[in-house]
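K.L.:
Before I ask anything, here is the structure I am working with.
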Amino acid sequence: MTDYLKILRLDYLDYSQRRIADSARCSRHTIRKVLEAASKANIHWPLDEDITNTELERMLFPDKYKSVCLYVEPDYPYIHRELAKPGVTLTLLWEEYCCKCYESGRTPYMSTQFGDKYRKWARVTKTTMRIQHKPGDAIQVDWAGDTIPVYDSVTGKRSSAYLFVSVLPCSCFVYAEACDDMKTENWLNRHVHAFNYCGGAARLLIPDNCKTATTSNT
């Protein structure tokens with residue numbers, strides 16, 4: 001089998017196609033074909049350590065396996081596009097995929113394999129995966145990383161303020177408030193202010209940094 005991993009690694013190291021062909025023991029035509037397919041599929045070195053040449057070949061040349069593979073390879077770009085739509089889940093897409101397989105008399109992957117293969121494809125192609133959020137189910141909270149400057153309107157004296165931020169991830173509704181410190185009293189009161197601003201409390205309260213939320217606010 002062609003060493004696709006080696007080809008991508010040497011190309012990343014700026015080897016010429018002639019040197020890659022000599023090292024990987026294949027023709028320059030093969031090198032060009034592999035690199036063109038990798039560019040088209042947005043696959044670039046470095047890759048995860050658990051990716052094999054067989055898996056990489058299936059991603060680079062999916063048409064090669066359509067007639068010989070027992071199972072139907074999922075349409076990963078289609079799955080990713082559909083997941084961006086409200087209410088669409090991997091389970092629904094797997095059921096749709098199964099129906100199409102059965103209609104053509106071919107065998108689908110099981111649900112777990114279907115999900116695992118999509119997630120691996122997304123990692124290899126560096127595709128951003130969409131996280132599903134239910135409206136009002138959770139609120140994310142944290143202190144912003146940097147302080148902000150605050151100026152006294154009378155004296156012009158500059159001081160630093162800590163910024164508390166909360167976000168409803170489904171709607172991206174934001175509440176922010178500046179505080180003079182990050183002590184527990186301010187931390188708790190700003191939660192109350194955020195809930196009042198949003199008109200209610202979410203089922204889940206998710207601090208971005210649990211250590212900051214529990215140990216550094218004393």
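How things are named: the first chain in the structure tokens is A, the next is B, and so on; residues count from 1 in each chain; ligands count from 1 in the order shown.
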Give me, as a PyMOL selection string, all polymer residues having an atom no more than 12 Å from A:Leu163, counting only C-alpha atoms and skipping those fewer than 6 positions away in the same chain.

P.N.:
chain A and resi 141-150+175-182+186-187+190

K.L.:
Give the strand (DSSP E or B) residues of stretch 75-217 of chain A, as DSSP finds them on the backbone, and put them as a ChimeraX atom specification.

P.N.:
/A:107,138-143,148-151,158-168,173-179,204-207

K.L.:
Suppose we keep N, CA and C atoms; can you now write the selection as an mmCIF file, in the first residue's frame?

P.N.:
data_model
loop_
_atom_site.group_PDB
_atom_site.id
_atom_site.type_symbol
_atom_site.label_atom_id
_atom_site.label_comp_id
_atom_site.auth_asym_id
_atom_site.auth_seq_id
_atom_site.Cartn_x
_atom_site.Cartn_y
_atom_site.Cartn_z
ATOM 1 N N THR A 107 -25.231 -2.652 2.742
ATOM 2 C CA THR A 107 -25.172 -2.749 4.201
ATOM 3 C C THR A 107 -24.669 -1.462 4.836
ATOM 4 N N ALA A 138 -28.701 25.936 29.727
ATOM 5 C CA ALA A 138 -27.451 26.161 30.442
ATOM 6 C C ALA A 138 -27.020 27.618 30.309
ATOM 7 N N ILE A 139 -26.228 28.051 31.281
ATOM 8 C CA ILE A 139 -25.613 29.370 31.208
ATOM 9 C C ILE A 139 -24.129 29.190 31.535
ATOM 10 N N GLN A 140 -23.255 29.776 30.719
ATOM 11 C CA GLN A 140 -21.817 29.664 30.905
ATOM 12 C C GLN A 140 -21.290 30.937 31.556
ATOM 13 N N VAL A 141 -20.463 30.780 32.585
ATOM 14 C CA VAL A 141 -20.000 31.947 33.357
ATOM 15 C C VAL A 141 -18.490 31.868 33.581
ATOM 16 N N ASP A 142 -17.886 33.036 33.705
ATOM 17 C CA ASP A 142 -16.452 33.081 34.022
ATOM 18 C C ASP A 142 -16.020 34.525 34.199
ATOM 19 N N TRP A 143 -14.849 34.713 34.785
ATOM 20 C CA TRP A 143 -14.178 36.003 34.765
ATOM 21 C C TRP A 143 -13.419 36.103 33.451
ATOM 22 N N ILE A 148 -9.896 45.320 32.872
ATOM 23 C CA ILE A 148 -10.181 46.451 31.998
ATOM 24 C C ILE A 148 -9.912 47.749 32.764
ATOM 25 N N PRO A 149 -9.445 48.789 32.095
ATOM 26 C CA PRO A 149 -9.166 50.052 32.792
ATOM 27 C C PRO A 149 -10.457 50.819 33.083
ATOM 28 N N VAL A 150 -10.532 51.403 34.285
ATOM 29 C CA VAL A 150 -11.672 52.232 34.680
ATOM 30 C C VAL A 150 -11.129 53.575 35.160
ATOM 31 N N TYR A 151 -11.733 54.662 34.681
ATOM 32 C CA TYR A 151 -11.241 55.999 35.017
ATOM 33 C C TYR A 151 -12.277 56.757 35.839
ATOM 34 N N ARG A 158 -6.872 56.218 37.213
ATOM 35 C CA ARG A 158 -7.102 54.942 36.540
ATOM 36 C C ARG A 158 -6.996 53.797 37.531
ATOM 37 N N SER A 159 -7.939 52.860 37.431
ATOM 38 C CA SER A 159 -7.876 51.635 38.228
ATOM 39 C C SER A 159 -8.282 50.458 37.335
ATOM 40 N N SER A 160 -8.073 49.259 37.836
ATOM 41 C CA SER A 160 -8.386 48.059 37.059
ATOM 42 C C SER A 160 -9.645 47.397 37.581
ATOM 43 N N ALA A 161 -10.462 46.860 36.688
ATOM 44 C CA ALA A 161 -11.686 46.172 37.069
ATOM 45 C C ALA A 161 -11.686 44.777 36.464
ATOM 46 N N TYR A 162 -12.295 43.853 37.176
ATOM 47 C CA TYR A 162 -12.426 42.479 36.708
ATOM 48 C C TYR A 162 -13.793 42.318 36.055
ATOM 49 N N LEU A 163 -13.826 41.653 34.919
ATOM 50 C CA LEU A 163 -15.057 41.561 34.148
ATOM 51 C C LEU A 163 -15.695 40.187 34.298
ATOM 52 N N PHE A 164 -16.891 40.156 34.884
ATOM 53 C CA PHE A 164 -17.691 38.931 34.974
ATOM 54 C C PHE A 164 -18.525 38.824 33.700
ATOM 55 N N VAL A 165 -18.531 37.647 33.088
ATOM 56 C CA VAL A 165 -19.273 37.442 31.844
ATOM 57 C C VAL A 165 -20.106 36.172 31.943
ATOM 58 N N SER A 166 -21.357 36.252 31.497
ATOM 59 C CA SER A 166 -22.205 35.062 31.392
ATOM 60 C C SER A 166 -22.822 35.038 29.995
ATOM 61 N N VAL A 167 -23.016 33.826 29.472
ATOM 62 C CA VAL A 167 -23.546 33.655 28.117
ATOM 63 C C VAL A 167 -24.551 32.519 28.095
ATOM 64 N N LEU A 168 -25.699 32.738 27.430
ATOM 65 C CA LEU A 168 -26.619 31.649 27.118
ATOM 66 C C LEU A 168 -26.162 31.081 25.770
ATOM 67 N N PHE A 173 -26.765 35.106 24.120
ATOM 68 C CA PHE A 173 -27.188 36.273 24.889
ATOM 69 C C PHE A 173 -26.173 36.502 26.007
ATOM 70 N N VAL A 174 -25.586 37.705 26.061
ATOM 71 C CA VAL A 174 -24.453 37.969 26.954
ATOM 72 C C VAL A 174 -24.828 38.977 28.040
ATOM 73 N N TYR A 175 -24.335 38.697 29.253
ATOM 74 C CA TYR A 175 -24.399 39.680 30.329
ATOM 75 C C TYR A 175 -22.974 39.861 30.859
ATOM 76 N N ALA A 176 -22.535 41.105 31.008
ATOM 77 C CA ALA A 176 -21.189 41.390 31.528
ATOM 78 C C ALA A 176 -21.269 42.504 32.556
ATOM 79 N N GLU A 177 -20.421 42.404 33.607
ATOM 80 C CA GLU A 177 -20.409 43.423 34.654
ATOM 81 C C GLU A 177 -19.000 43.538 35.235
ATOM 82 N N ALA A 178 -18.551 44.762 35.428
ATOM 83 C CA ALA A 178 -17.219 45.009 35.979
ATOM 84 C C ALA A 178 -17.281 45.016 37.505
ATOM 85 N N CYS A 179 -16.225 44.465 38.143
ATOM 86 C CA CYS A 179 -16.146 44.388 39.598
ATOM 87 C C CYS A 179 -14.767 44.837 40.070
ATOM 88 N N LEU A 204 -28.555 24.334 34.057
ATOM 89 C CA LEU A 204 -27.143 24.068 34.306
ATOM 90 C C LEU A 204 -26.360 25.371 34.402
ATOM 91 N N LEU A 205 -25.452 25.422 35.366
ATOM 92 C CA LEU A 205 -24.526 26.545 35.513
ATOM 93 C C LEU A 205 -23.133 26.013 35.204
ATOM 94 N N ILE A 206 -22.508 26.522 34.142
ATOM 95 C CA ILE A 206 -21.243 25.955 33.668
ATOM 96 C C ILE A 206 -20.133 26.999 33.755
ATOM 97 N N PRO A 207 -19.260 26.909 34.777
ATOM 98 C CA PRO A 207 -18.104 27.809 34.817
ATOM 99 C C PRO A 207 -17.058 27.336 33.823
#

K.L.:
Can you tell me which residues surround stretch 19-25 of chain A at a distance of at most 9 Å, considering only C-alpha atoms, apart from same-chain residues fewer than 6 positions away, and format the answer as a ChimeraX atom specification?

P.N.:
/A:2-4,6-7,10-11,31

K.L.:
Could you pull out the residues in stretch 130-198 of chain A that DSSP calls alpha helix (DSSP H) from the backbone, as a list in words?

P.N.:
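Checking each residue of stretch 130-198 of chain A, the alpha helix (DSSP H) ones are Thr184, Glu185, Asn186, Trp187, Leu188, Asn189, Arg190, His191, Val192, His193, Ala194, Phe195, Asn196, Tyr197 and Cys198 of chain A.
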
K.L.:
Next, dump the selected residues to file, keeping only all heavy atoms, as a compact mmCIF listing (two decimals), in the first residue's frame.

P.N.:
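The new file part_9.txt reads:
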# COMPACT_ATOMS: atom_id res chain seq x y z
N THR A 184 -15.63 36.00 46.52
CA THR A 184 -16.86 35.21 46.49
C THR A 184 -18.12 36.07 46.46
O THR A 184 -19.08 35.77 45.73
CB THR A 184 -16.91 34.27 47.72
OG1 THR A 184 -15.77 33.41 47.70
CG2 THR A 184 -18.18 33.43 47.71
N GLU A 185 -18.13 37.15 47.22
CA GLU A 185 -19.33 38.00 47.27
C GLU A 185 -19.65 38.55 45.89
O GLU A 185 -20.81 38.51 45.44
CB GLU A 185 -19.12 39.14 48.26
CG GLU A 185 -20.37 40.02 48.41
CD GLU A 185 -20.19 41.11 49.46
OE1 GLU A 185 -19.12 41.16 50.09
OE2 GLU A 185 -21.15 41.90 49.64
N ASN A 186 -18.66 39.07 45.20
CA ASN A 186 -18.88 39.59 43.85
C ASN A 186 -19.27 38.46 42.89
O ASN A 186 -20.13 38.63 42.02
CB ASN A 186 -17.63 40.30 43.34
CG ASN A 186 -17.60 41.77 43.75
OD1 ASN A 186 -18.64 42.39 43.94
ND2 ASN A 186 -16.40 42.32 43.89
N TRP A 187 -18.61 37.32 43.02
CA TRP A 187 -18.88 36.17 42.15
C TRP A 187 -20.35 35.75 42.26
O TRP A 187 -21.05 35.57 41.26
CB TRP A 187 -17.95 35.04 42.54
CG TRP A 187 -18.17 33.72 41.85
CD1 TRP A 187 -18.65 32.58 42.41
CD2 TRP A 187 -17.87 33.39 40.49
NE1 TRP A 187 -18.68 31.56 41.49
CE2 TRP A 187 -18.20 32.03 40.30
CE3 TRP A 187 -17.34 34.11 39.41
CZ2 TRP A 187 -18.04 31.37 39.09
CZ3 TRP A 187 -17.19 33.46 38.19
CH2 TRP A 187 -17.53 32.11 38.03
N LEU A 188 -20.86 35.63 43.49
CA LEU A 188 -22.25 35.20 43.69
C LEU A 188 -23.25 36.29 43.29
O LEU A 188 -24.27 36.01 42.64
CB LEU A 188 -22.46 34.80 45.15
CG LEU A 188 -21.64 33.58 45.64
CD1 LEU A 188 -21.90 33.33 47.12
CD2 LEU A 188 -21.98 32.35 44.82
N ASN A 189 -22.96 37.54 43.67
CA ASN A 189 -23.88 38.62 43.33
C ASN A 189 -24.01 38.81 41.82
O ASN A 189 -25.10 39.12 41.32
CB ASN A 189 -23.42 39.92 43.98
CG ASN A 189 -23.71 39.97 45.47
OD1 ASN A 189 -24.60 39.25 45.96
ND2 ASN A 189 -22.98 40.78 46.22
N ARG A 190 -22.92 38.61 41.10
CA ARG A 190 -22.99 38.78 39.64
C ARG A 190 -23.81 37.68 38.98
O ARG A 190 -24.45 37.90 37.95
CB ARG A 190 -21.59 38.83 39.03
CG ARG A 190 -21.02 40.25 38.99
CD ARG A 190 -21.01 40.87 40.35
NE ARG A 190 -20.95 42.33 40.36
CZ ARG A 190 -21.00 43.04 41.48
NH1 ARG A 190 -21.15 42.45 42.66
NH2 ARG A 190 -20.96 44.36 41.43
N HIS A 191 -23.85 36.51 39.61
CA HIS A 191 -24.75 35.47 39.11
C HIS A 191 -26.20 35.91 39.27
O HIS A 191 -27.03 35.73 38.36
CB HIS A 191 -24.52 34.15 39.88
CG HIS A 191 -23.33 33.37 39.42
ND1 HIS A 191 -22.04 33.78 39.67
CD2 HIS A 191 -23.24 32.23 38.70
CE1 HIS A 191 -21.20 32.89 39.15
NE2 HIS A 191 -21.90 31.94 38.55
N VAL A 192 -26.50 36.47 40.44
CA VAL A 192 -27.87 36.96 40.69
C VAL A 192 -28.25 38.02 39.68
O VAL A 192 -29.35 38.01 39.10
CB VAL A 192 -27.99 37.50 42.12
CG1 VAL A 192 -29.38 38.13 42.34
CG2 VAL A 192 -27.75 36.39 43.14
N HIS A 193 -27.34 38.96 39.43
CA HIS A 193 -27.60 40.03 38.46
C HIS A 193 -27.81 39.46 37.06
O HIS A 193 -28.68 39.91 36.32
CB HIS A 193 -26.43 41.02 38.45
CG HIS A 193 -26.24 41.74 39.74
ND1 HIS A 193 -25.15 42.56 39.99
CD2 HIS A 193 -27.00 41.78 40.88
CE1 HIS A 193 -25.25 43.06 41.21
NE2 HIS A 193 -26.35 42.59 41.77
N ALA A 194 -27.00 38.44 36.71
CA ALA A 194 -27.13 37.82 35.38
C ALA A 194 -28.47 37.12 35.23
O ALA A 194 -29.14 37.24 34.19
CB ALA A 194 -25.98 36.83 35.15
N PHE A 195 -28.90 36.41 36.27
CA PHE A 195 -30.20 35.72 36.21
C PHE A 195 -31.33 36.72 36.09
O PHE A 195 -32.29 36.52 35.32
CB PHE A 195 -30.40 34.85 37.46
CG PHE A 195 -29.42 33.71 37.57
CD1 PHE A 195 -29.01 33.26 38.82
CD2 PHE A 195 -28.91 33.09 36.44
CE1 PHE A 195 -28.11 32.21 38.93
CE2 PHE A 195 -28.01 32.04 36.54
CZ PHE A 195 -27.60 31.60 37.79
N ASN A 196 -31.24 37.82 36.85
CA ASN A 196 -32.27 38.86 36.75
C ASN A 196 -32.30 39.47 35.35
O ASN A 196 -33.38 39.73 34.79
CB ASN A 196 -32.01 39.96 37.79
CG ASN A 196 -32.32 39.50 39.21
OD1 ASN A 196 -33.13 38.59 39.41
ND2 ASN A 196 -31.69 40.12 40.19
N TYR A 197 -31.13 39.69 34.79
CA TYR A 197 -31.03 40.28 33.46
C TYR A 197 -31.63 39.35 32.40
O TYR A 197 -32.30 39.81 31.47
CB TYR A 197 -29.56 40.57 33.15
CG TYR A 197 -29.31 41.24 31.82
CD1 TYR A 197 -29.62 42.58 31.61
CD2 TYR A 197 -28.76 40.52 30.76
CE1 TYR A 197 -29.38 43.19 30.39
CE2 TYR A 197 -28.51 41.13 29.53
CZ TYR A 197 -28.83 42.47 29.36
OH TYR A 197 -28.59 43.07 28.15
N CYS A 198 -31.38 38.06 32.55
CA CYS A 198 -31.88 37.09 31.58
C CYS A 198 -33.35 36.72 31.81
O CYS A 198 -33.98 36.10 30.95
CB CYS A 198 -31.03 35.81 31.62
SG CYS A 198 -29.32 36.05 31.10

K.L.:
Counting only C-alpha atoms, what is within 12 Å of stretch 115-120 of chain A, bar same-chain residues fewer than 3 positions away, as a VMD selection string?

P.N.:
chain A and resid 43 47 to 52 55 to 56 58 to 59 72 to 80 83 89 to 95 97 109 to 112 123 to 130

K.L.:
Do a neighbour search on A:Phe61 at 10 Å with only C-alpha atoms, toss out local chain neighbours closer than 5 positions, and write the hits as a list in words.

P.N.:
Lys33, Val34, Ala37, Ala38, Ala41, Leu56 and Lys66 of chain A

K.L.:
Would you please work out which residue, of A:Ser16, A:Ser39, A:Thr54, A:Ser171, is nearest to A:Gly136 when using only C-alpha atoms?

P.N.:
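Going through A:Ser16, A:Ser39, A:Thr54, A:Ser171 one by one, the smallest distance to A:Gly136 is for A:Ser171.
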
K.L.:
Rounded to one decimal place, report the atom CA of A:Gln17-atom CA of A:Asn42 distance in Å.

P.N.:
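Between atom CA of A:Gln17 and atom CA of A:Asn42 the gap is 19.1 Å.
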
K.L.:
What does the distance from atom CA of A:Arg81 to atom CA of A:Glu96 come to in Å, to one decimal?

P.N.:
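Straight-line distance from atom CA of A:Arg81 to atom CA of A:Glu96 works out to 14.4 Å.
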